[in-house]
>>> print(open('start04.cif').read())   # mmCIF, C-alpha atoms
data_structure
loop_
_atom_site.group_PDB
_atom_site.id
_atom_site.type_symbol
_atom_site.label_atom_id
_atom_site.label_comp_id
_atom_site.auth_asym_id
_atom_site.auth_seq_id
_atom_site.Cartn_x
_atom_site.Cartn_y
_atom_site.Cartn_z
ATOM 1 C CA MET O 1 -5.569 -2.245 26.217
ATOM 2 C CA ILE O 2 -3.446 -1.478 23.181
ATOM 3 C CA CYS O 3 0.050 -0.257 23.923
ATOM 4 C CA PRO O 4 1.301 3.087 22.570
ATOM 5 C CA GLY O 5 2.452 2.894 18.993
ATOM 6 C CA ILE O 6 -0.047 0.571 17.302
ATOM 7 C CA GLY O 7 -2.823 3.179 17.352
ATOM 8 C CA GLY O 8 -0.756 5.633 15.355
ATOM 9 C CA LEU O 9 0.006 3.362 12.420
ATOM 10 C CA ALA O 10 -2.708 4.455 9.968
ATOM 11 C CA PHE O 11 -1.256 7.816 8.971
ATOM 12 C CA PRO O 12 2.367 6.631 8.488
ATOM 13 C CA LEU O 13 1.067 3.530 6.711
ATOM 14 C CA VAL O 14 -0.870 5.600 4.174
ATOM 15 C CA PHE O 15 2.070 7.936 3.586
ATOM 16 C CA GLY O 16 4.352 4.894 3.364
ATOM 17 C CA GLY O 17 2.233 3.748 0.454
ATOM 18 C CA ILE O 18 1.892 7.110 -1.289
ATOM 19 C CA VAL O 19 5.395 8.600 -1.026
ATOM 20 C CA PRO O 20 7.379 5.771 -2.684
ATOM 21 C CA VAL O 21 5.002 5.735 -5.667
ATOM 22 C CA VAL O 22 5.759 9.396 -6.345
ATOM 23 C CA ALA O 23 9.462 9.205 -5.472
ATOM 24 C CA PHE O 24 10.318 6.082 -7.452
ATOM 25 C CA ARG O 25 8.352 7.300 -10.502
ATOM 26 C CA LYS O 26 10.515 10.441 -10.486
ATOM 27 C CA ILE O 27 13.725 8.457 -9.983
ATOM 28 C CA LEU O 28 12.891 5.620 -12.418
ATOM 29 C CA PRO O 29 10.528 7.138 -15.010
ATOM 30 C CA ARG O 30 11.157 4.596 -17.770
ATOM 31 C CA SER O 31 12.004 1.360 -15.989
ATOM 32 C CA ASP O 32 8.892 -0.532 -14.949
ATOM 33 C CA GLY O 33 10.847 -3.472 -13.524
ATOM 34 C CA TRP O 34 13.085 -1.340 -11.321
ATOM 35 C CA TYR O 35 10.134 0.821 -10.319
ATOM 36 C CA LEU O 36 8.101 -2.150 -9.060
ATOM 37 C CA THR O 37 11.190 -3.657 -7.427
ATOM 38 C CA GLY O 38 11.837 -0.353 -5.669
ATOM 39 C CA LEU O 39 8.276 -0.293 -4.321
ATOM 40 C CA LEU O 40 8.569 -3.856 -3.001
ATOM 41 C CA VAL O 41 11.971 -3.209 -1.402
ATOM 42 C CA PHE O 42 10.634 -0.012 0.154
ATOM 43 C CA ALA O 43 7.683 -1.969 1.576
ATOM 44 C CA ALA O 44 9.984 -4.622 3.058
ATOM 45 C CA VAL O 45 12.377 -2.084 4.567
ATOM 46 C CA GLY O 46 9.441 0.011 5.805
ATOM 47 C CA GLY O 47 7.967 -3.028 7.546
ATOM 48 C CA ILE O 48 11.250 -3.708 9.312
ATOM 49 C CA VAL O 49 11.684 -0.060 10.312
ATOM 50 C CA VAL O 50 8.153 0.190 11.739
ATOM 51 C CA ALA O 51 8.505 -3.108 13.603
ATOM 52 C CA SER O 52 11.829 -1.879 15.000
ATOM 53 C CA ILE O 53 10.244 1.351 16.232
ATOM 54 C CA LEU O 54 7.313 -0.526 17.760
ATOM 55 C CA THR O 55 9.695 -2.967 19.456
ATOM 56 C CA PHE O 56 12.654 -0.866 20.548
ATOM 57 C CA ALA O 57 11.299 2.687 20.836
ATOM 58 C CA PHE O 58 7.711 2.191 22.015
ATOM 59 C CA GLY O 59 7.886 -1.309 23.518
ATOM 60 C CA SER O 60 4.506 -2.050 21.897
ATOM 61 C CA ILE O 61 5.532 -5.529 20.799
ATOM 62 C CA GLU O 62 7.827 -7.959 22.497
ATOM 63 C CA SER O 63 8.323 -11.287 20.761
ATOM 64 C CA THR O 64 6.628 -10.984 17.375
ATOM 65 C CA PHE O 65 9.058 -8.786 15.479
ATOM 66 C CA TRP O 66 9.105 -10.618 12.134
ATOM 67 C CA PRO O 67 5.354 -11.264 11.882
ATOM 68 C CA VAL O 68 4.704 -7.574 12.593
ATOM 69 C CA ALA O 69 7.379 -6.528 10.094
ATOM 70 C CA GLY O 70 5.819 -8.788 7.473
ATOM 71 C CA SER O 71 2.340 -7.454 8.229
ATOM 72 C CA MET O 72 3.505 -3.868 7.851
ATOM 73 C CA ALA O 73 5.385 -4.690 4.650
ATOM 74 C CA LEU O 74 2.233 -6.243 3.197
ATOM 75 C CA GLY O 75 0.244 -3.172 4.242
ATOM 76 C CA ILE O 76 2.668 -0.771 2.582
ATOM 77 C CA ALA O 77 2.776 -2.890 -0.584
ATOM 78 C CA ALA O 78 -1.036 -3.148 -0.623
ATOM 79 C CA LEU O 79 -1.184 0.646 -0.669
ATOM 80 C CA ALA O 80 1.734 1.363 -3.008
ATOM 81 C CA LEU O 81 1.085 -1.182 -5.761
ATOM 82 C CA PRO O 82 -2.564 -0.261 -6.421
ATOM 83 C CA LEU O 83 -1.614 3.415 -6.468
ATOM 84 C CA ALA O 84 1.206 2.661 -8.912
ATOM 85 C CA GLY O 85 -1.234 0.608 -10.994
ATOM 86 C CA LEU O 86 -3.801 3.412 -11.017
ATOM 87 C CA GLN O 87 -1.090 5.849 -12.057
ATOM 88 C CA LYS O 88 0.134 3.580 -14.851
ATOM 89 C CA ALA O 89 -3.353 2.726 -16.130
ATOM 90 C CA PHE O 90 -5.093 6.099 -15.741
ATOM 91 C CA GLY O 91 -2.315 8.656 -15.286
ATOM 92 C CA ALA O 92 -2.036 11.283 -12.587
ATOM 93 C CA LYS O 93 -5.812 11.435 -12.123
ATOM 94 C CA GLY O 94 -5.973 7.738 -11.245
ATOM 95 C CA PHE O 95 -3.195 8.120 -8.712
ATOM 96 C CA THR O 96 -4.752 11.235 -7.196
ATOM 97 C CA ILE O 97 -8.172 9.639 -6.761
ATOM 98 C CA GLY O 98 -6.619 6.510 -5.234
ATOM 99 C CA ALA O 99 -4.364 8.471 -2.887
ATOM 100 C CA MET O 100 -7.235 10.683 -1.757
ATOM 101 C CA ALA O 101 -9.436 7.654 -1.123
ATOM 102 C CA MET O 102 -6.751 6.047 1.030
ATOM 103 C CA MET O 103 -6.021 9.281 2.886
ATOM 104 C CA PHE O 104 -9.584 10.452 3.500
ATOM 105 C CA LEU O 105 -11.416 7.111 3.709
ATOM 106 C CA GLY O 106 -8.826 4.441 4.449
ATOM 107 C CA ASN O 107 -7.047 6.350 7.173
ATOM 108 C CA PRO O 108 -10.016 7.364 9.375
ATOM 109 C CA LEU O 109 -11.965 4.134 8.768
ATOM 110 C CA ALA O 110 -8.996 1.860 9.514
ATOM 111 C CA GLY O 111 -9.936 1.442 13.163
ATOM 112 C CA ILE O 112 -6.323 0.775 14.070
ATOM 113 C CA ALA O 113 -6.377 2.465 17.461
ATOM 114 C CA THR O 114 -9.455 0.602 18.698
ATOM 115 C CA THR O 115 -10.579 -1.959 16.036
ATOM 116 C CA SER O 116 -13.259 -1.545 13.428
ATOM 117 C CA ALA O 117 -15.925 -2.743 15.905
ATOM 118 C CA TRP O 118 -15.892 0.721 17.491
ATOM 119 C CA LEU O 119 -16.760 2.456 14.219
ATOM 120 C CA PRO O 120 -20.375 2.939 13.055
ATOM 121 C CA SER O 121 -21.989 -0.133 11.530
ATOM 122 C CA GLY O 122 -20.986 -0.573 7.923
ATOM 123 C CA LEU O 123 -18.166 1.971 8.056
ATOM 124 C CA GLY O 124 -16.001 -0.343 10.142
ATOM 125 C CA THR O 125 -16.522 -3.153 7.658
ATOM 126 C CA PHE O 126 -15.788 -0.849 4.728
ATOM 127 C CA GLY O 127 -12.620 0.321 6.483
ATOM 128 C CA GLN O 128 -11.425 -3.287 6.775
ATOM 129 C CA ILE O 129 -11.736 -3.746 3.018
ATOM 130 C CA LEU O 130 -9.242 -0.935 2.440
ATOM 131 C CA PRO O 131 -5.504 -1.579 2.942
ATOM 132 C CA PRO O 132 -4.985 0.602 6.047
ATOM 133 C CA GLY O 133 -7.750 -1.188 7.975
ATOM 134 C CA ALA O 134 -6.661 -4.643 6.859
ATOM 135 C CA ALA O 135 -3.016 -3.838 7.678
ATOM 136 C CA GLY O 136 -3.974 -2.589 11.137
ATOM 137 C CA THR O 137 -5.948 -5.758 11.818
ATOM 138 C CA LEU O 138 -3.106 -7.957 10.597
ATOM 139 C CA VAL O 139 -0.502 -6.080 12.660
ATOM 140 C CA ARG O 140 -2.686 -6.326 15.775
ATOM 141 C CA SER O 141 -3.294 -10.024 15.102
ATOM 142 C CA ALA O 142 0.424 -10.701 14.627
ATOM 143 C CA ALA O 143 1.524 -8.567 17.591
ATOM 144 C CA TYR O 144 -0.932 -9.695 20.239
ATOM 145 C CA PHE O 145 -2.871 -12.773 19.150
ATOM 146 C CA ASP O 146 -0.282 -15.038 17.525
ATOM 147 C CA GLY O 147 -1.880 -14.473 14.112
ATOM 148 C CA ALA O 148 -5.375 -15.503 15.184
ATOM 149 C CA GLY O 149 -8.069 -13.602 13.324
ATOM 150 C CA GLY O 150 -5.664 -12.313 10.693
ATOM 151 C CA LEU O 151 -6.543 -14.528 7.729
ATOM 152 C CA VAL O 152 -9.202 -12.230 6.243
ATOM 153 C CA ALA O 153 -6.909 -9.215 6.633
ATOM 154 C CA LEU O 154 -4.035 -11.134 5.026
ATOM 155 C CA SER O 155 -6.280 -12.167 2.126
ATOM 156 C CA THR O 156 -7.466 -8.581 1.723
ATOM 157 C CA LEU O 157 -3.912 -7.232 1.513
ATOM 158 C CA VAL O 158 -2.830 -9.908 -0.961
ATOM 159 C CA THR O 159 -5.891 -9.103 -3.087
ATOM 160 C CA TRP O 160 -4.964 -5.401 -3.150
ATOM 161 C CA ILE O 161 -1.403 -6.312 -4.202
ATOM 162 C CA VAL O 162 -2.673 -8.525 -7.033
ATOM 163 C CA VAL O 163 -5.153 -5.856 -8.173
ATOM 164 C CA GLY O 164 -2.345 -3.299 -8.167
ATOM 165 C CA LEU O 165 -0.128 -5.527 -10.296
ATOM 166 C CA LEU O 166 -3.006 -6.218 -12.709
ATOM 167 C CA LEU O 167 -3.713 -2.493 -13.059
ATOM 168 C CA TYR O 168 -0.026 -1.907 -13.695
ATOM 169 C CA ALA O 169 -0.007 -4.604 -16.404
ATOM 170 C CA VAL O 170 -3.063 -2.987 -18.034
ATOM 171 C CA GLY O 171 -1.258 0.353 -17.991
ATOM 172 C CA MET O 172 1.863 -1.174 -19.543
ATOM 173 C CA ARG O 173 -0.203 -2.785 -22.283
ATOM 174 C CA ARG O 174 -1.997 0.503 -22.962
ATOM 175 C CA ALA O 175 1.348 2.333 -23.201
ATOM 176 C CA VAL O 176 2.655 -0.218 -25.727
ATOM 177 C CA GLY O 177 -0.525 0.192 -27.780
ATOM 178 C CA GLU O 178 -0.217 3.984 -27.739
ATOM 179 C CA GLU O 179 3.437 3.795 -28.825
ATOM 180 C CA ALA O 180 2.521 1.467 -31.693
ATOM 181 C CA ALA O 181 -0.294 3.797 -32.770
ATOM 182 C CA GLU O 182 2.041 6.791 -32.790
ATOM 183 C CA ARG O 183 4.770 5.137 -34.886
ATOM 184 C CA PRO O 184 2.861 4.850 -38.195
ATOM 185 C CA SER O 185 1.576 8.421 -37.947
ATOM 186 C CA ALA O 186 5.116 9.643 -37.289
ATOM 187 C CA GLN O 187 6.336 7.795 -40.388
ATOM 188 C CA VAL O 188 3.509 9.211 -42.538
ATOM 189 C CA THR O 189 4.311 12.803 -41.543
ATOM 190 C CA ALA O 190 8.040 12.340 -42.132
#
>>> encode(input="start04.cif", output="structure tokens")
Amino acid sequence: MICPGIGGLAFPLVFGGIVPVVAFRKILPRSDGWYLTGLLVFAAVGGIVVASILTFAFGSIESTFWPVAGSMALGIAALALPLAGLQKAFGAKGFTIGAMAMMFLGNPLAGIATTSAWLPSGLGTFGQILPPGAAGTLVRSAAYFDGAGGLVALSTLVTWIVVGLLLYAVGMRRAVGEEAAERPSAQVTA
């Protein structure tokens, strides 16, 4: 039986990935370095806060505070960085599509409350490929099974983080190219 608290992680996890992308882009609109740093710090602090709530408020975990905090931090980062990358590479439409996919597919198919084995065949597997499902599996593995069975989930989250950073780099390169293309036309019209 899963203790109260773990089953309710999917929704806060998804919002924990979406909200900082929007907030830090508003706060730091022109600083890519500070923006990415802010997302990573938010993920780390969010992991610690969630692990604290699970430990001290719900009593869901007892002796695995730091592994659970790290798992949650990876989950938040694996949601936030791809969304930031989609936003940087494809604009608001990229972010919106990514956020909707995580909210309407990742959240219900995460299988956090029960595991993905209880979801219909294929959907459970698909849910584990998305960050909320992988984060839920990794948190459960860290909290109750001493990390056993968490390697695939860990690899999935790291892959999402790398993909997010690559998308962000593509977006930065595109922005530099657009700025360079605009400069000569501005000089011609002047």
>>> atom_distance(input="start04.cif", atom1="CA of Ala142 in chain O", atom2="CA of Gly85 in chain O")
28.1 Å
>>> atom_distance(input="start04.cif", atom1="CA of Val158 in chain O", atom2="CA of Ala78 in chain O")
7.0 Å
>>> closest_atom_pairs(input="start04.cif", of="range 34-135 of chain O", to="range 7-21 of chain O", cutoff="9 Å", atoms="only C-alpha atoms", output="Markdown table")
| residue | atom | partner | partner_atom | distance |
| --- | --- | --- | --- | --- |
| O:Tyr35 | CA | O:Val21 | CA | 8.5 |
| O:Gly38 | CA | O:Pro20 | CA | 8.1 |
| O:Leu39 | CA | O:Pro20 | CA | 6.3 |
| O:Phe42 | CA | O:Pro20 | CA | 7.2 |
| O:Ala43 | CA | O:Gly16 | CA | 7.8 |
| O:Gly46 | CA | O:Gly16 | CA | 7.5 |
| O:Val50 | CA | O:Leu9 | CA | 8.8 |
| O:Met72 | CA | O:Leu13 | CA | 7.9 |
| O:Gly75 | CA | O:Leu13 | CA | 7.2 |
| O:Ile76 | CA | O:Gly17 | CA | 5.0 |
| O:Ala77 | CA | O:Gly17 | CA | 6.7 |
| O:Ala78 | CA | O:Gly17 | CA | 7.7 |
| O:Leu79 | CA | O:Gly17 | CA | 4.7 |
| O:Ala80 | CA | O:Gly17 | CA | 4.2 |
| O:Leu81 | CA | O:Val21 | CA | 7.9 |
| O:Leu83 | CA | O:Val21 | CA | 7.1 |
| O:Ala84 | CA | O:Val21 | CA | 5.9 |
| O:Gln87 | CA | O:Val21 | CA | 8.8 |
| O:Ala99 | CA | O:Ile18 | CA | 6.6 |
| O:Met102 | CA | O:Val14 | CA | 6.7 |
| O:Met103 | CA | O:Val14 | CA | 6.5 |
| O:Gly106 | CA | O:Val14 | CA | 8.0 |
| O:Asn107 | CA | O:Ala10 | CA | 5.5 |
| O:Pro108 | CA | O:Ala10 | CA | 7.9 |
| O:Ala110 | CA | O:Ala10 | CA | 6.8 |
| O:Gly111 | CA | O:Gly7 | CA | 8.4 |
| O:Ile112 | CA | O:Gly7 | CA | 5.4 |
| O:Ala113 | CA | O:Gly7 | CA | 3.6 |
| O:Thr114 | CA | O:Gly7 | CA | 7.2 |
| O:Pro131 | CA | O:Val14 | CA | 8.6 |
| O:Pro132 | CA | O:Ala10 | CA | 6.0 |
| O:Gly133 | CA | O:Ala10 | CA | 7.8 |
| O:Ala135 | CA | O:Leu13 | CA | 8.5 |
>>> atom_distance(input="start04.cif", atom1="CA of Arg25 in chain O", atom2="CA of Val163 in chain O")
19.0 Å
>>> closest_residue(input="start04.cif", among="O:Met100, O:Ile161, O:Ala134, O:Val170", to="Gly149 in chain O", atoms="all atoms listed in the file")
O:Ala134
>>> closest_residue(input="start04.cif", among="O:Lys88, O:Ala148, O:Ala73, O:Ala57", to="Arg173 in chain O", atoms="all atoms listed in the file")
O:Lys88
>>> residues_around(input="start04.cif", residues="Leu123 in chain O", least_positions_apart="4", cutoff="10 Å", atoms="only C-alpha atoms", output="NGL selection string")
:O and (105 or 108-111 or 116-119 or 127-129)
>>> residues_around(input="start04.cif", residues="Leu138 in chain O", least_positions_apart="2", cutoff="7 Å", atoms="only C-alpha atoms", output="number ranges by chain")
O: 71, 134-136, 140-142, 150, 153-154
>>> resolve_selection(input="start04.cif", expression="the PyMOL selection byres ((chain O and resi 52) around 12)", output="VMD selection string")
chain O and resid 5 45 to 51 53 to 70 72
>>> resolve_selection(input="start04.cif", expression="the PyMOL selection byres ((chain O and resi 90) around 12)", output="PyMOL selection string")
chain O and resi 82-89+91-98+167-172+174-175
>>> axis_aligned_box(input="start04.cif", around="range 52-63 of chain O", padding_each_side="5 Å", output="lines of an AutoDock Vina configuration file")
center_x = 8.6
center_y = -4.3
center_z = 19.3
size_x = 18.1
size_y = 24.0
size_z = 18.5
>>> build_atoms(input="start04.cif", residues="range 135-148 of chain O", atoms="N, CA, C and O atoms", output="mmCIF file, in the coordinates of the input")
data_model
loop_
_atom_site.group_PDB
_atom_site.id
_atom_site.type_symbol
_atom_site.label_atom_id
_atom_site.label_comp_id
_atom_site.auth_asym_id
_atom_site.auth_seq_id
_atom_site.Cartn_x
_atom_site.Cartn_y
_atom_site.Cartn_z
ATOM 1 N N ALA O 135 -4.381 -3.802 7.130
ATOM 2 C CA ALA O 135 -3.016 -3.838 7.678
ATOM 3 C C ALA O 135 -3.037 -3.683 9.188
ATOM 4 O O ALA O 135 -2.313 -4.381 9.908
ATOM 5 N N GLY O 136 -3.871 -2.768 9.690
ATOM 6 C CA GLY O 136 -3.974 -2.589 11.137
ATOM 7 C C GLY O 136 -4.452 -3.849 11.833
ATOM 8 O O GLY O 136 -3.929 -4.241 12.875
ATOM 9 N N THR O 137 -5.442 -4.508 11.247
ATOM 10 C CA THR O 137 -5.948 -5.758 11.818
ATOM 11 C C THR O 137 -4.878 -6.832 11.800
ATOM 12 O O THR O 137 -4.699 -7.565 12.776
ATOM 13 N N LEU O 138 -4.151 -6.933 10.691
ATOM 14 C CA LEU O 138 -3.106 -7.957 10.597
ATOM 15 C C LEU O 138 -1.961 -7.683 11.565
ATOM 16 O O LEU O 138 -1.452 -8.609 12.209
ATOM 17 N N VAL O 139 -1.567 -6.425 11.703
ATOM 18 C CA VAL O 139 -0.502 -6.080 12.660
ATOM 19 C C VAL O 139 -0.950 -6.422 14.084
ATOM 20 O O VAL O 139 -0.208 -7.027 14.851
ATOM 21 N N ARG O 140 -2.161 -6.035 14.436
ATOM 22 C CA ARG O 140 -2.686 -6.326 15.775
ATOM 23 C C ARG O 140 -2.751 -7.841 16.009
ATOM 24 O O ARG O 140 -2.370 -8.343 17.063
ATOM 25 N N SER O 141 -3.210 -8.563 15.002
ATOM 26 C CA SER O 141 -3.294 -10.024 15.102
ATOM 27 C C SER O 141 -1.918 -10.647 15.295
ATOM 28 O O SER O 141 -1.739 -11.536 16.128
ATOM 29 N N ALA O 142 -0.934 -10.164 14.527
ATOM 30 C CA ALA O 142 0.424 -10.701 14.627
ATOM 31 C C ALA O 142 1.084 -10.310 15.944
ATOM 32 O O ALA O 142 1.785 -11.113 16.563
ATOM 33 N N ALA O 143 0.847 -9.079 16.395
ATOM 34 C CA ALA O 143 1.524 -8.567 17.591
ATOM 35 C C ALA O 143 0.983 -9.154 18.882
ATOM 36 O O ALA O 143 1.739 -9.413 19.813
ATOM 37 N N TYR O 144 -0.336 -9.358 18.946
ATOM 38 C CA TYR O 144 -0.932 -9.695 20.239
ATOM 39 C C TYR O 144 -1.666 -11.032 20.291
ATOM 40 O O TYR O 144 -1.939 -11.537 21.365
ATOM 41 N N PHE O 145 -2.024 -11.586 19.138
ATOM 42 C CA PHE O 145 -2.871 -12.773 19.150
ATOM 43 C C PHE O 145 -2.277 -13.949 18.382
ATOM 44 O O PHE O 145 -3.000 -14.830 17.938
ATOM 45 N N ASP O 146 -0.983 -13.939 18.190
ATOM 46 C CA ASP O 146 -0.282 -15.038 17.525
ATOM 47 C C ASP O 146 -0.851 -15.332 16.135
ATOM 48 O O ASP O 146 -0.896 -16.470 15.702
ATOM 49 N N GLY O 147 -1.343 -14.320 15.462
ATOM 50 C CA GLY O 147 -1.880 -14.473 14.112
ATOM 51 C C GLY O 147 -3.355 -14.824 14.052
ATOM 52 O O GLY O 147 -3.937 -14.831 12.978
ATOM 53 N N ALA O 148 -3.957 -15.129 15.180
ATOM 54 C CA ALA O 148 -5.375 -15.503 15.184
ATOM 55 C C ALA O 148 -6.231 -14.335 14.700
ATOM 56 O O ALA O 148 -6.025 -13.196 15.104
#
